[in-house]
Amino acid sequence: MTLDVEYGPHDALLVVDMQNDFCEGGALAVRGGAALVPGINAEIEAARAAGALVVASRDWHPVDHVSFAHRGGPWPVHCVQDTEGAAFHPDLALHDDTLRVSKATAFDADAYSAFEGTGLAGYLKEKGIERVVVCGLALDVCVKATALEARRRGFDVLLLEALTAPVDPDAVDDCRCELTDAGAKVRP
Ligand SMILES: [Zn+2]
């Protein structure tokens, strides 16, 4: 079952950080994270069938990353490169032609947006992408940052809110306002 998004060849479906550490049982689990997988898989199939690009970002930190609590950062240790926690959720149906984008790979800088420091915007423009359809984890952190940066980089943005989950449920309303104020469309 899909959300009936009309995908086309100028769209990219951007699946944000569907990694073990952000799902139940992970180091920085988001409530409801794992439950998003079947719906996201259906969107991946619908996007591919319509000739859209599929991109999966991942948080991909070195050990002792600056965002970790023992380094003075806001988060527990999570998504350390090449660990099970950093792996994509095992049921996420990524294909060989899914683009994998790793972010926040430097010791000394964090990045919430999949566009930050990755070169992704330029690549998508080269491929003729005009709209980015965003889902994944977590709504109020990396999904929001990714959607906002997509707007700043000149893409149309559609957020699939039902295929996201927040770290802080109380932040959802503000988050939705911020996104719509920035010109993103939000599909409930
Ligand atoms: Zn992180």
# chains A, B, ... in the order shown; residues from 1 in each chain; ligands from 1
$ residues_near_ligand --ligand "ligand 1" --cutoff "8 Å" --atoms "only C-alpha atoms and all ligand atoms" --output "list in words"
Asp59, Trp60, His61, Ser67, Trp75, His78, Cys79, Ala104, Asp110, Ala111 and Tyr112 of chain A
$ closest_atom_pairs --of "range 98-125 of chain A" --to "range 147-151 of chain A" --cutoff "10 Å" --atoms "only C-alpha atoms" --output "tab-separated table"
residue	atom	partner	partner_atom	distance
A:Tyr112	CA	A:Glu149	CA	9.9
A:Ser113	CA	A:Glu149	CA	6.8
A:Ala114	CA	A:Glu149	CA	8.5
A:Phe115	CA	A:Glu149	CA	6.8
A:Glu116	CA	A:Glu149	CA	8.1
A:Leu120	CA	A:Ala150	CA	9.8
A:Ala121	CA	A:Ala150	CA	7.6
$ residues_around --residues "Leu137 in chain A" --least-positions-apart "5" --cutoff "12 Å" --atoms "only C-alpha atoms" --output "ChimeraX atom specification"
/A:14-23,28-37,40,56-59,88-89,112-114,142-147,159-168
$ write_last_selection --atoms "N, CA and C atoms" --output "compact mmCIF listing (two decimals), in the first residue's frame"
# COMPACT_ATOMS: atom_id res chain seq x y z
N LEU A 14 14.00 10.28 -1.12
CA LEU A 14 15.15 10.33 -0.22
C LEU A 14 14.75 9.72 1.12
N VAL A 15 15.28 8.54 1.38
CA VAL A 15 14.99 7.80 2.61
C VAL A 15 16.09 8.13 3.61
N VAL A 16 15.71 8.83 4.68
CA VAL A 16 16.70 9.36 5.62
C VAL A 16 16.95 8.39 6.77
N ASP A 17 18.17 7.94 6.91
CA ASP A 17 18.71 7.32 8.14
C ASP A 17 17.87 6.18 8.72
N MET A 18 17.40 5.27 7.85
CA MET A 18 16.65 4.11 8.35
C MET A 18 17.65 3.03 8.79
N GLN A 19 18.30 3.34 9.92
CA GLN A 19 19.40 2.51 10.41
C GLN A 19 19.02 1.86 11.74
N ASN A 20 19.70 0.75 12.05
CA ASN A 20 19.37 0.00 13.26
C ASN A 20 19.41 0.86 14.52
N ASP A 21 20.39 1.73 14.63
CA ASP A 21 20.50 2.51 15.87
C ASP A 21 19.34 3.47 16.08
N PHE A 22 18.63 3.82 15.01
CA PHE A 22 17.48 4.72 15.14
C PHE A 22 16.16 3.96 15.26
N CYS A 23 16.22 2.63 15.20
CA CYS A 23 15.01 1.82 15.34
C CYS A 23 15.02 1.14 16.71
N LEU A 28 19.97 4.84 19.74
CA LEU A 28 19.27 6.14 19.75
C LEU A 28 17.90 5.90 19.10
N ALA A 29 17.17 4.96 19.73
CA ALA A 29 15.95 4.47 19.10
C ALA A 29 14.86 5.53 19.07
N VAL A 30 14.18 5.62 17.94
CA VAL A 30 13.04 6.51 17.77
C VAL A 30 11.79 5.62 17.82
N ARG A 31 10.87 5.95 18.70
CA ARG A 31 9.66 5.14 18.83
C ARG A 31 8.91 5.13 17.51
N GLY A 32 8.59 3.93 17.04
CA GLY A 32 7.86 3.81 15.79
C GLY A 32 8.76 3.72 14.56
N GLY A 33 10.05 3.69 14.78
CA GLY A 33 10.99 3.68 13.65
C GLY A 33 10.86 2.44 12.77
N ALA A 34 10.96 1.27 13.38
CA ALA A 34 10.94 0.03 12.60
C ALA A 34 9.62 -0.15 11.85
N ALA A 35 8.54 0.36 12.45
CA ALA A 35 7.22 0.18 11.84
C ALA A 35 7.09 0.93 10.51
N LEU A 36 8.02 1.83 10.23
CA LEU A 36 7.95 2.59 8.98
C LEU A 36 8.43 1.78 7.78
N VAL A 37 9.16 0.71 8.06
CA VAL A 37 9.87 0.01 6.97
C VAL A 37 8.94 -0.49 5.86
N ILE A 40 7.79 2.42 3.70
CA ILE A 40 8.91 3.00 2.93
C ILE A 40 9.27 2.07 1.77
N ALA A 56 19.25 6.65 -0.29
CA ALA A 56 19.17 6.32 1.14
C ALA A 56 20.36 6.95 1.85
N SER A 57 20.07 7.86 2.79
CA SER A 57 21.17 8.45 3.55
C SER A 57 21.40 7.64 4.82
N ARG A 58 22.61 7.77 5.32
CA ARG A 58 22.92 7.13 6.61
C ARG A 58 23.85 8.03 7.40
N ASP A 59 23.60 8.05 8.71
CA ASP A 59 24.48 8.70 9.67
C ASP A 59 25.68 7.75 9.79
N PHE A 88 21.81 -0.29 7.65
CA PHE A 88 20.41 -0.04 7.34
C PHE A 88 19.56 -1.13 7.98
N HIS A 89 18.32 -0.79 8.34
CA HIS A 89 17.41 -1.78 8.90
C HIS A 89 17.37 -2.99 7.96
N TYR A 112 23.15 16.99 10.14
CA TYR A 112 21.83 16.38 10.20
C TYR A 112 21.24 16.21 8.80
N SER A 113 21.58 17.12 7.91
CA SER A 113 21.01 17.08 6.56
C SER A 113 21.82 16.16 5.66
N ALA A 114 21.11 15.39 4.85
CA ALA A 114 21.77 14.50 3.89
C ALA A 114 22.49 15.28 2.79
N CYS A 142 16.99 14.86 11.57
CA CYS A 142 17.64 14.76 10.25
C CYS A 142 16.66 14.87 9.08
N VAL A 143 15.42 14.42 9.26
CA VAL A 143 14.43 14.56 8.18
C VAL A 143 14.14 16.04 7.96
N LYS A 144 13.90 16.75 9.05
CA LYS A 144 13.62 18.18 8.94
C LYS A 144 14.80 18.92 8.31
N ALA A 145 15.99 18.66 8.80
CA ALA A 145 17.18 19.35 8.27
C ALA A 145 17.36 19.05 6.79
N THR A 146 17.10 17.81 6.40
CA THR A 146 17.25 17.42 5.00
C THR A 146 16.21 18.11 4.13
N ALA A 147 14.97 18.14 4.59
CA ALA A 147 13.90 18.77 3.81
C ALA A 147 14.15 20.28 3.67
N LEU A 159 7.19 16.14 1.87
CA LEU A 159 7.49 15.31 3.04
C LEU A 159 6.35 14.31 3.24
N LEU A 160 6.71 13.05 3.38
CA LEU A 160 5.71 12.01 3.66
C LEU A 160 5.67 11.81 5.17
N GLU A 161 4.84 12.61 5.82
CA GLU A 161 4.89 12.64 7.29
C GLU A 161 4.55 11.29 7.91
N ALA A 162 3.64 10.56 7.29
CA ALA A 162 3.26 9.25 7.85
C ALA A 162 4.42 8.26 7.83
N LEU A 163 5.41 8.55 7.00
CA LEU A 163 6.57 7.65 6.92
C LEU A 163 7.78 8.26 7.60
N THR A 164 7.49 9.00 8.68
CA THR A 164 8.54 9.53 9.55
C THR A 164 8.12 9.29 10.99
N ALA A 165 9.03 9.46 11.91
CA ALA A 165 8.72 9.41 13.34
C ALA A 165 9.67 10.38 14.04
N PRO A 166 9.19 11.05 15.10
CA PRO A 166 10.01 12.06 15.76
C PRO A 166 10.75 11.53 16.99
N VAL A 167 11.87 12.16 17.32
CA VAL A 167 12.49 11.93 18.63
C VAL A 167 11.56 12.50 19.70
N ASP A 168 11.07 13.71 19.47
CA ASP A 168 10.22 14.40 20.44
C ASP A 168 8.84 14.65 19.83
$ select_by_dssp --residues "range 3-134 of chain A" --states "strand (DSSP E or B)" --output "ChimeraX atom specification"
/A:11-16,19,53-59,61,68,75,80,88,99-103,131-134
$ residues_around --residues "range 63-65 of chain A" --least-positions-apart "2" --cutoff "8 Å" --atoms "only C-alpha atoms" --output "ChimeraX atom specification"
/A:61,67-68,70-71,80-81,106-109
$ residues_around --residues "Val132 in chain A" --least-positions-apart "3" --cutoff "6 Å" --atoms "only C-alpha atoms" --output "list in words"
Asp11, Ala12, Leu13 and Val157 of chain A
$ atom_distance --atom1 "CA of Val141 in chain A" --atom2 "CA of Val172 in chain A"
10.5 Å
$ closest_residue --among "A:Ala182, A:Val77, A:Ala93, A:Val101" --to "Arg152 in chain A" --atoms "only C-alpha atoms"
A:Ala182
